[in-house]
Amino acid sequence: MNEMTRQEIAEYVLDELKKAGAQKASCAIASGRKEEFNIEANKFTLLRTLFDDALSVKALYDGRKGVAAVNKLDKDSIDGAIGQCIALAKAGTPDEAEDIAEKIENKGFSRTIGGSDMNKLFSRTKEYLQQVQDEYPKIILEGVTSAFNAGEGIYANSNGVMFTDESEGYGFSSSFVAKDGEKSSSLSGFGAGMLNLDMPLIAVGLHRTMIEESVKSLDTRMVDGKYVGKVIVTPQCDDMIWGTIIDCFLSDRSLIEGTSRWKDRLGKKVADKKLTLRAVPLHPGIIGGERFTRDGYESFDADLISGGILESFALSLYGANKTGNKRAKNTAFGNIEIAPGDVALCDMIKSIDKGILLNRFAGAAPGPGGDVSGVAKNSFLIENGAITDALSETMVSFNIVDILQDITAISKERVEDGSSILPWCCFDGITISGK
């Protein structure tokens, strides 16, 4: 099998699944190469090249589904996955919602950048270490990784669908704390994807801001009492609101189980008219965004919420068949964009008498009613229109359905980190309390 191309492997898998009795079948192959620098304690500790392969197969046998996956592409592993997939399909329970994509137009995509420049990546990484040491001597870099990533993906099914994709890009991640004698901040981190190395790594996205905030967090303050106020959710705190919306209100799981409070809200107002939320794998600021979905359709950018109106659920083919709603135009629900607002961030802060700048949130997913509570981390108090002290762990609680109706402002500024394009958003009606 090693001498076969990925496309030939896909064709072999489909042929063998059909020979084994599958009426419908699909397979996806993902292969990657990573050239990576690792840094610990401000020193380069490792340069390595990693290769990985993944094969997933699906078969439908009399309406029963079988799936299997392996991380090798040798013949024994592939044949083992095929056998397991068929066995699971024959033993499964019929489900009429299971299907595979119909053929429309096969396509190949290429987003290569001419290969890696490891000398420049090394220089940028070394420059980053020196800048942190010179400019922020209280920062301890716990771990740094910089890498060039190359990937190849294929999806094929027995309806004749065939998509291929090649992509390349750079990735960078850093975790750090600030220390001063016995004082220490909580662990923070930053990661981003990039198509080139034109910019110093410390200048990408909110990286420098997050380092500066770690230093400021050496001294923290507890919120006095309990009050209802405004919270500015920063771009790095994407899961608190945006990830929760997609998972709890728009996903296959929430709609199939009937737990989504928005299950009957398609085409209706679900948020303040300031909010437009899109899934945008094709946006030029997204590095390595999908070009075809996990279930075999070409991907397109799509509005989930537009001007506060719910335009689309985040449904796969199976979720659409199961619920009777339309399939989403992509499955890249981690690649989101929020339209910019008309307020400068500095003016947003100036308008708040007492509130929080929220960088990270640790809490459970909301219950069926939409109630959320958790701890604000790496966050700051806003007083009399200015950011003041770093907060020690402070509780915030709110109803996510309610606060989406009361978005005070969305910033003009947005941040791109290779996976999302997000502004700062100010929400009112959030309960803030010290422990």
# chains A, B, ... in the order shown; residues from 1 in each chain; ligands from 1

$ residues_around --residues "Val67 (chain A)" --least-positions-apart "3" --cutoff "10 Å" --atoms "only C-alpha atoms" --output "number ranges by chain"
A: 25-27, 56-60, 81-82, 84-89

$ write_last_selection --atoms "all heavy atoms" --output "compact mmCIF listing (two decimals), in the first residue's frame"
# COMPACT_ATOMS: atom_id res chain seq x y z
N ALA A 25 -20.85 3.60 0.76
CA ALA A 25 -19.60 3.65 1.52
C ALA A 25 -18.89 4.97 1.29
O ALA A 25 -19.07 5.61 0.26
CB ALA A 25 -18.69 2.49 1.12
N SER A 26 -18.07 5.34 2.27
CA SER A 26 -17.24 6.54 2.12
C SER A 26 -15.95 6.34 2.88
O SER A 26 -15.86 5.49 3.78
CB SER A 26 -17.97 7.79 2.64
OG SER A 26 -18.15 7.72 4.04
N CYS A 27 -14.95 7.12 2.51
CA CYS A 27 -13.70 7.10 3.27
C CYS A 27 -13.04 8.47 3.21
O CYS A 27 -13.26 9.24 2.27
CB CYS A 27 -12.75 6.01 2.76
SG CYS A 27 -11.91 6.40 1.22
N SER A 56 -10.39 7.04 7.90
CA SER A 56 -11.69 6.70 8.48
C SER A 56 -12.59 6.17 7.37
O SER A 56 -12.57 6.68 6.24
CB SER A 56 -12.33 7.92 9.15
OG SER A 56 -12.57 8.95 8.22
N VAL A 57 -13.37 5.14 7.68
CA VAL A 57 -14.23 4.51 6.69
C VAL A 57 -15.64 4.38 7.26
O VAL A 57 -15.84 4.25 8.47
CB VAL A 57 -13.70 3.13 6.26
CG1 VAL A 57 -12.36 3.28 5.56
CG2 VAL A 57 -13.57 2.18 7.44
N LYS A 58 -16.60 4.43 6.37
CA LYS A 58 -18.01 4.31 6.76
C LYS A 58 -18.71 3.43 5.74
O LYS A 58 -18.49 3.56 4.54
CB LYS A 58 -18.67 5.69 6.80
CG LYS A 58 -20.19 5.67 7.04
CD LYS A 58 -20.75 7.09 7.04
CE LYS A 58 -22.25 7.10 7.15
NZ LYS A 58 -22.80 8.48 7.17
N ALA A 59 -19.55 2.55 6.24
CA ALA A 59 -20.33 1.67 5.36
C ALA A 59 -21.77 1.66 5.83
O ALA A 59 -22.05 1.69 7.03
CB ALA A 59 -19.75 0.26 5.38
N LEU A 60 -22.69 1.60 4.87
CA LEU A 60 -24.11 1.44 5.16
C LEU A 60 -24.57 0.10 4.59
O LEU A 60 -24.39 -0.17 3.40
CB LEU A 60 -24.93 2.58 4.55
CG LEU A 60 -24.62 3.99 5.08
CD1 LEU A 60 -25.51 5.02 4.40
CD2 LEU A 60 -24.80 4.05 6.59
N ALA A 81 -9.48 -2.20 9.05
CA ALA A 81 -10.52 -1.18 9.21
C ALA A 81 -11.75 -1.52 8.37
O ALA A 81 -12.89 -1.34 8.81
CB ALA A 81 -9.97 0.18 8.81
N ILE A 82 -11.52 -2.02 7.17
CA ILE A 82 -12.63 -2.41 6.30
C ILE A 82 -13.44 -3.53 6.95
O ILE A 82 -14.67 -3.48 7.01
CB ILE A 82 -12.09 -2.84 4.92
CG1 ILE A 82 -11.50 -1.63 4.17
CG2 ILE A 82 -13.21 -3.49 4.08
CD1 ILE A 82 -10.72 -2.00 2.93
N GLN A 84 -13.62 -4.38 10.14
CA GLN A 84 -14.30 -3.90 11.34
C GLN A 84 -15.53 -3.07 10.98
O GLN A 84 -16.59 -3.19 11.60
CB GLN A 84 -13.33 -3.07 12.19
CG GLN A 84 -13.95 -2.55 13.47
CD GLN A 84 -13.00 -1.64 14.24
OE1 GLN A 84 -12.03 -1.13 13.70
NE2 GLN A 84 -13.29 -1.44 15.53
N CYS A 85 -15.38 -2.23 9.97
CA CYS A 85 -16.48 -1.37 9.54
C CYS A 85 -17.68 -2.19 9.08
O CYS A 85 -18.83 -1.94 9.48
CB CYS A 85 -15.99 -0.46 8.40
SG CYS A 85 -17.22 0.69 7.79
N ILE A 86 -17.43 -3.21 8.27
CA ILE A 86 -18.52 -4.05 7.77
C ILE A 86 -19.17 -4.82 8.92
O ILE A 86 -20.41 -4.93 9.01
CB ILE A 86 -17.99 -5.01 6.70
CG1 ILE A 86 -17.65 -4.24 5.41
CG2 ILE A 86 -19.01 -6.10 6.40
CD1 ILE A 86 -18.86 -3.61 4.72
N ALA A 87 -18.36 -5.35 9.82
CA ALA A 87 -18.91 -6.10 10.96
C ALA A 87 -19.81 -5.21 11.82
O ALA A 87 -20.90 -5.64 12.25
CB ALA A 87 -17.76 -6.66 11.80
N LEU A 88 -19.39 -3.97 12.06
CA LEU A 88 -20.21 -3.06 12.86
C LEU A 88 -21.50 -2.69 12.14
O LEU A 88 -22.55 -2.55 12.77
CB LEU A 88 -19.40 -1.80 13.19
CG LEU A 88 -18.25 -2.00 14.19
CD1 LEU A 88 -17.39 -0.73 14.25
CD2 LEU A 88 -18.78 -2.34 15.56
N ALA A 89 -21.42 -2.53 10.81
CA ALA A 89 -22.61 -2.19 10.04
C ALA A 89 -23.64 -3.32 10.10
O ALA A 89 -24.84 -3.09 10.30
CB ALA A 89 -22.23 -1.89 8.60

$ atom_distance --atom1 "CA of Arg414 (chain A)" --atom2 "CA of Asp165 (chain A)"
28.7 Å

$ closest_residue --among "A:Gly160, A:Gly355, A:Gly229, A:Gly308" --to "Arg265 (chain A)" --atoms "only C-alpha atoms"
A:Gly308

$ atom_distance --atom1 "CA of Tyr170 (chain A)" --atom2 "CA of Gly193 (chain A)"
5.7 Å

$ residues_around --residues "region 286-300 of chain A" --least-positions-apart "5" --cutoff "6 Å" --atoms "only C-alpha atoms" --output "list in words"
Ala101, Gly193, Pro281, Lys329, Asn330, Thr331, Gly418 and Ser419 of chain A

$ write_last_selection --atoms "N, CA and C atoms" --output "PDB file, in the first residue's frame"
ATOM      1  N   ALA A 101     -23.052  11.678   0.837  1.00  0.00           N
ATOM      2  CA  ALA A 101     -23.272  12.813  -0.065  1.00  0.00           C
ATOM      3  C   ALA A 101     -23.509  12.345  -1.494  1.00  0.00           C
ATOM      4  N   GLY A 193      -2.011  30.574  13.670  1.00  0.00           N
ATOM      5  CA  GLY A 193      -1.574  30.040  12.392  1.00  0.00           C
ATOM      6  C   GLY A 193      -1.209  31.177  11.469  1.00  0.00           C
ATOM      7  N   PRO A 281     -14.671  29.027   6.728  1.00  0.00           N
ATOM      8  CA  PRO A 281     -13.436  28.305   6.405  1.00  0.00           C
ATOM      9  C   PRO A 281     -12.695  28.849   5.196  1.00  0.00           C
ATOM     10  N   LYS A 329     -23.758  24.770   5.366  1.00  0.00           N
ATOM     11  CA  LYS A 329     -22.910  24.879   4.178  1.00  0.00           C
ATOM     12  C   LYS A 329     -21.460  24.515   4.441  1.00  0.00           C
ATOM     13  N   ASN A 330     -21.103  24.316   5.706  1.00  0.00           N
ATOM     14  CA  ASN A 330     -19.767  23.826   6.053  1.00  0.00           C
ATOM     15  C   ASN A 330     -19.838  23.167   7.424  1.00  0.00           C
ATOM     16  N   THR A 331     -18.765  22.510   7.810  1.00  0.00           N
ATOM     17  CA  THR A 331     -18.692  21.917   9.145  1.00  0.00           C
ATOM     18  C   THR A 331     -17.519  22.499   9.930  1.00  0.00           C
ATOM     19  N   GLY A 418      -5.656  33.086  12.755  1.00  0.00           N
ATOM     20  CA  GLY A 418      -5.542  31.953  11.853  1.00  0.00           C
ATOM     21  C   GLY A 418      -6.692  30.975  11.959  1.00  0.00           C
ATOM     22  N   SER A 419      -7.485  31.067  13.032  1.00  0.00           N
ATOM     23  CA  SER A 419      -8.641  30.181  13.166  1.00  0.00           C
ATOM     24  C   SER A 419      -9.950  30.933  13.319  1.00  0.00           C
TER      25      SER A 419
END

$ residues_around --residues "region 198-210 of chain A" --least-positions-apart "4" --cutoff "8 Å" --atoms "only C-alpha atoms" --output "count of residues only"
14

$ atom_distance --atom1 "CA of Leu17 (chain A)" --atom2 "CA of Ala150 (chain A)"
29.3 Å

$ residues_around --residues "Ser146 (chain A)" --least-positions-apart "2" --cutoff "6 Å" --atoms "only C-alpha atoms" --output "JSON, numbers by chain"
{"A": [36, 37, 171, 172]}

$ select_by_dssp --residues "region 63-300 of chain A" --states "strand (DSSP E)" --output "ChimeraX atom specification"
/A:64-70,107-111,139-157,162-180,183-184,188-194,220-221,226-233,277-279

$ closest_residue --among "A:Gly114, A:Gly143, A:Gly341, A:Gly363" --to "Gly169 (chain A)" --atoms "only C-alpha atoms"
A:Gly114

$ residues_around --residues "Gly434 (chain A)" --least-positions-apart "3" --cutoff "7 Å" --atoms "only C-alpha atoms" --output "PyMOL selection string"
chain A and resi 222-226+394-395

$ closest_residue --among "A:Leu304, A:Ile245, A:Ile232, A:Cys346" --to "Gly370 (chain A)" --atoms "only C-alpha atoms"
A:Ile245

$ select_by_dssp --residues "region 112-178 of chain A" --states "alpha helix (DSSP H)" --output "ChimeraX atom specification"
/A:118-135

$ closest_residue --among "A:Asn399, A:Ser420, A:Thr259, A:Asn378" --to "Gly334 (chain A)" --atoms "only C-alpha atoms"
A:Ser420

$ residues_around --residues "Val343 (chain A)" --least-positions-apart "3" --cutoff "9 Å" --atoms "only C-alpha atoms" --output "list in words"
Pro340, Cys346, Asp347, Met348, Ala409, Ile410, Ser411, Lys412 and Glu413 of chain A

$ write_last_selection --atoms "N, CA, C and O atoms" --output "PDB file, in the first residue's frame"
ATOM      1  N   PRO A 340     -17.612  43.298  12.527  1.00  0.00           N
ATOM      2  CA  PRO A 340     -17.196  44.382  13.429  1.00  0.00           C
ATOM      3  C   PRO A 340     -18.349  45.309  13.763  1.00  0.00           C
ATOM      4  O   PRO A 340     -19.320  45.417  13.007  1.00  0.00           O
ATOM      5  N   CYS A 346     -11.442  51.489  22.927  1.00  0.00           N
ATOM      6  CA  CYS A 346     -11.158  52.450  24.001  1.00  0.00           C
ATOM      7  C   CYS A 346     -12.429  53.157  24.465  1.00  0.00           C
ATOM      8  O   CYS A 346     -12.615  53.411  25.668  1.00  0.00           O
ATOM      9  N   ASP A 347     -13.334  53.450  23.532  1.00  0.00           N
ATOM     10  CA  ASP A 347     -14.596  54.098  23.903  1.00  0.00           C
ATOM     11  C   ASP A 347     -15.532  53.123  24.619  1.00  0.00           C
ATOM     12  O   ASP A 347     -16.298  53.525  25.507  1.00  0.00           O
ATOM     13  N   MET A 348     -15.466  51.854  24.242  1.00  0.00           N
ATOM     14  CA  MET A 348     -16.257  50.841  24.922  1.00  0.00           C
ATOM     15  C   MET A 348     -15.853  50.772  26.392  1.00  0.00           C
ATOM     16  O   MET A 348     -16.703  50.721  27.287  1.00  0.00           O
ATOM     17  N   ALA A 409     -22.252  46.749  22.935  1.00  0.00           N
ATOM     18  CA  ALA A 409     -21.398  47.257  21.865  1.00  0.00           C
ATOM     19  C   ALA A 409     -20.522  46.136  21.319  1.00  0.00           C
ATOM     20  O   ALA A 409     -20.205  45.171  22.021  1.00  0.00           O
ATOM     21  N   ILE A 410     -20.146  46.281  20.054  1.00  0.00           N
ATOM     22  CA  ILE A 410     -19.157  45.415  19.410  1.00  0.00           C
ATOM     23  C   ILE A 410     -18.078  46.334  18.842  1.00  0.00           C
ATOM     24  O   ILE A 410     -18.373  47.352  18.213  1.00  0.00           O
ATOM     25  N   SER A 411     -16.832  45.969  19.065  1.00  0.00           N
ATOM     26  CA  SER A 411     -15.735  46.868  18.685  1.00  0.00           C
ATOM     27  C   SER A 411     -15.504  46.907  17.176  1.00  0.00           C
ATOM     28  O   SER A 411     -15.786  45.949  16.448  1.00  0.00           O
ATOM     29  N   LYS A 412     -14.965  48.044  16.734  1.00  0.00           N
ATOM     30  CA  LYS A 412     -14.506  48.150  15.346  1.00  0.00           C
ATOM     31  C   LYS A 412     -13.318  47.223  15.105  1.00  0.00           C
ATOM     32  O   LYS A 412     -13.167  46.651  14.033  1.00  0.00           O
ATOM     33  N   GLU A 413     -12.457  47.136  16.118  1.00  0.00           N
ATOM     34  CA  GLU A 413     -11.235  46.331  15.992  1.00  0.00           C
ATOM     35  C   GLU A 413     -11.568  44.844  16.053  1.00  0.00           C
ATOM     36  O   GLU A 413     -12.444  44.423  16.805  1.00  0.00           O
TER      37      GLU A 413
END

$ closest_residue --among "A:Ile78, A:Glu166, A:Ala147, A:Ile387" --to "Asn119 (chain A)" --atoms "only C-alpha atoms"
A:Ala147

$ closest_residue --among "A:Phe163, A:Phe51, A:Phe398, A:Tyr155" --to "Ile241 (chain A)" --atoms "only C-alpha atoms"
A:Phe398
